[in-house]
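Accompanying notes for the structure given below.
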Amino acid sequence: MIKAIIFDMDGVLFDTEKIMKKGWEKAADLLNFSLTEDRLKQLRGGSRERNCALFQEWYNGAVDYHQARKIRSDYLNAYVEKYSVPPKKGLYELLSFLKSENIPWGIATSTDRTQAEYYWKLADIYEGISASVCGNEVSKSKPNPDIFLKAAEKLQVSIDSCMIVEDSINGLKAAKAAGGISCMIPDLTPYSPDLAPFCDYVCEDLAACISLVQTIGFSSPTP
């Protein structure tokens, strides 16, 4: 039975992964390096430290990860400043349902807290968050389970009673490693049979999570 929900942020709550992909493509063009879709998949959900190590492995020091990431971040920030942060389909419908049923929810994102909180306030969801853990607050990033275990601890709910909603391979691996109930909402990474070991459930969008929660069953952890 579900007692709380933990969400990833980019690609799950907000439609920002597509914007970041364009930012990475701009960085690759400006710095003259190749960034395949497979490599983009590996970057999604990862911390700066982990992704920096991947760049070192891929490019042997020929590409400055931090310079490339700044180009990507500047592209994303310019978009958000102009258009605000784009919510994913069903976001407010699902959050309204969780509020009506007194089901607490939290966010576990690889994004640093300053930027993440800025997004939450822009999207007007900040006040509803019961707990949050950001990328600069854990020593090991996804696919390690630490960020979800810490979020469950903050929610004061056993991890096996938490449904974890993710879109990336790194996030899904972390969810299963933590022992949570994993639910994939495909974004840029489509669902495929090789992801089955990491996905307890797959939903089309956030709105579809409502019927899933009702089917599994839920109860509020608060007296």
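All residue names refer to the structure tokens as shown: chains lettered A, B, ... in order, residues numbered from 1 in each chain, ligands numbered from 1 in order.
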Practice task
Write out as a PyMOL selection string the residues lying within 6 Å of range 157-164 of chain A, counting only C-alpha atoms and excluding same-chain residues fewer than 3 positions away.
Solution key: chain A and resi 2-7+152+179-183
Let me see the file: selected residues, N, CA, C and O atoms, as a PDB file, in the first residue's frame.
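So again_21.pdb came out as:
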ATOM      1  N   ILE A   2       0.537   2.220  -0.836  1.00  0.00           N
ATOM      2  CA  ILE A   2       1.323   3.441  -0.975  1.00  0.00           C
ATOM      3  C   ILE A   2       1.005   4.430   0.142  1.00  0.00           C
ATOM      4  O   ILE A   2      -0.160   4.713   0.425  1.00  0.00           O
ATOM      5  N   LYS A   3       2.050   4.937   0.779  1.00  0.00           N
ATOM      6  CA  LYS A   3       1.873   5.941   1.829  1.00  0.00           C
ATOM      7  C   LYS A   3       2.470   7.296   1.448  1.00  0.00           C
ATOM      8  O   LYS A   3       2.206   8.293   2.115  1.00  0.00           O
ATOM      9  N   ALA A   4       3.277   7.320   0.396  1.00  0.00           N
ATOM     10  CA  ALA A   4       3.877   8.581  -0.068  1.00  0.00           C
ATOM     11  C   ALA A   4       4.390   8.384  -1.486  1.00  0.00           C
ATOM     12  O   ALA A   4       4.614   7.256  -1.933  1.00  0.00           O
ATOM     13  N   ILE A   5       4.565   9.490  -2.184  1.00  0.00           N
ATOM     14  CA  ILE A   5       5.110   9.456  -3.542  1.00  0.00           C
ATOM     15  C   ILE A   5       6.335  10.354  -3.609  1.00  0.00           C
ATOM     16  O   ILE A   5       6.334  11.466  -3.067  1.00  0.00           O
ATOM     17  N   ILE A   6       7.371   9.846  -4.257  1.00  0.00           N
ATOM     18  CA  ILE A   6       8.591  10.626  -4.472  1.00  0.00           C
ATOM     19  C   ILE A   6       8.759  10.821  -5.976  1.00  0.00           C
ATOM     20  O   ILE A   6       8.788   9.854  -6.742  1.00  0.00           O
ATOM     21  N   PHE A   7       8.880  12.071  -6.386  1.00  0.00           N
ATOM     22  CA  PHE A   7       9.024  12.395  -7.806  1.00  0.00           C
ATOM     23  C   PHE A   7      10.443  12.831  -8.134  1.00  0.00           C
ATOM     24  O   PHE A   7      11.060  13.593  -7.382  1.00  0.00           O
ATOM     25  N   ALA A 152      12.672   9.364   1.587  1.00  0.00           N
ATOM     26  CA  ALA A 152      11.727   8.563   2.378  1.00  0.00           C
ATOM     27  C   ALA A 152      11.898   8.841   3.870  1.00  0.00           C
ATOM     28  O   ALA A 152      10.914   8.939   4.615  1.00  0.00           O
ATOM     29  N   GLY A 179      14.567   0.107  -3.064  1.00  0.00           N
ATOM     30  CA  GLY A 179      13.507  -0.755  -2.556  1.00  0.00           C
ATOM     31  C   GLY A 179      12.132  -0.145  -2.651  1.00  0.00           C
ATOM     32  O   GLY A 179      11.178  -0.630  -2.025  1.00  0.00           O
ATOM     33  N   GLY A 180      11.999   0.921  -3.427  1.00  0.00           N
ATOM     34  CA  GLY A 180      10.706   1.568  -3.598  1.00  0.00           C
ATOM     35  C   GLY A 180       9.882   0.912  -4.694  1.00  0.00           C
ATOM     36  O   GLY A 180      10.342   0.006  -5.392  1.00  0.00           O
ATOM     37  N   ILE A 181       8.652   1.387  -4.842  1.00  0.00           N
ATOM     38  CA  ILE A 181       7.767   0.947  -5.919  1.00  0.00           C
ATOM     39  C   ILE A 181       8.039   1.866  -7.105  1.00  0.00           C
ATOM     40  O   ILE A 181       7.707   3.051  -7.058  1.00  0.00           O
ATOM     41  N   SER A 182       8.659   1.346  -8.143  1.00  0.00           N
ATOM     42  CA  SER A 182       9.109   2.208  -9.237  1.00  0.00           C
ATOM     43  C   SER A 182       8.047   2.339 -10.319  1.00  0.00           C
ATOM     44  O   SER A 182       7.436   1.357 -10.732  1.00  0.00           O
ATOM     45  N   CYS A 183       7.843   3.573 -10.760  1.00  0.00           N
ATOM     46  CA  CYS A 183       6.890   3.861 -11.833  1.00  0.00           C
ATOM     47  C   CYS A 183       7.580   4.736 -12.865  1.00  0.00           C
ATOM     48  O   CYS A 183       8.055   5.827 -12.541  1.00  0.00           O
TER      49      CYS A 183
END
Exercise for the section: Mind listing the strand (DSSP E) residues of chain A, per DSSP on the backbone, as a count of residues only? Expected result: 24
Exercise for the section: Counting only C-alpha atoms, figure out which residue out of A:Asn102, A:Asn136, A:Ser168, A:Thr189 gets nearest to Arg44 in chain A. Expected result: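 Closest to Arg44 in chain A of all the choices is A:Ser168.
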Exercise for the section: Just the alpha helix (DSSP H) stuff from range 86-168 of chain A, please, per backbone DSSP, written as a PyMOL selection string. Expected result: chain A and resi 91-100+113-122+146-155
Exercise for the section: Might you pull out every residue within 12 Å of Asp74 in chain A, with only C-alpha atoms counted and same-chain residues fewer than 6 positions away left off, and present them as a list in words? Expected result: Ile19, Met20, Lys22, Gly23, Trp24, Lys26, Ala27, His66, Gln67, Ala68, Val80 and Glu81 of chain A
Could you save those same residues with N, CA and C atoms as a compact mmCIF listing (two decimals), in the first residue's frame?
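For reference, selection.txt as written:
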# COMPACT_ATOMS: atom_id res chain seq x y z
N ILE A 19 14.39 20.63 -23.39
CA ILE A 19 15.12 21.90 -23.47
C ILE A 19 16.60 21.67 -23.19
N MET A 20 16.88 20.84 -22.19
CA MET A 20 18.28 20.54 -21.86
C MET A 20 18.96 19.80 -23.00
N LYS A 22 18.40 20.22 -26.16
CA LYS A 22 18.77 21.24 -27.14
C LYS A 22 19.97 22.04 -26.65
N GLY A 23 20.05 22.25 -25.34
CA GLY A 23 21.19 22.95 -24.78
C GLY A 23 22.48 22.16 -24.94
N TRP A 24 22.40 20.83 -24.71
CA TRP A 24 23.57 19.98 -24.92
C TRP A 24 23.98 19.97 -26.39
N LYS A 26 23.55 22.37 -28.50
CA LYS A 26 24.20 23.65 -28.77
C LYS A 26 25.65 23.62 -28.28
N ALA A 27 25.87 23.05 -27.09
CA ALA A 27 27.22 22.94 -26.55
C ALA A 27 28.10 22.09 -27.46
N HIS A 66 32.54 21.23 -17.72
CA HIS A 66 31.94 22.37 -17.04
C HIS A 66 31.59 23.50 -18.03
N GLN A 67 32.43 23.67 -19.04
CA GLN A 67 32.14 24.65 -20.08
C GLN A 67 30.91 24.22 -20.89
N ALA A 68 30.86 22.94 -21.24
CA ALA A 68 29.71 22.42 -21.99
C ALA A 68 28.43 22.52 -21.17
N VAL A 80 13.57 29.34 -19.55
CA VAL A 80 12.71 29.47 -18.37
C VAL A 80 12.42 30.93 -18.07
N GLU A 81 13.43 31.78 -18.23
CA GLU A 81 13.23 33.21 -17.98
C GLU A 81 12.20 33.80 -18.95
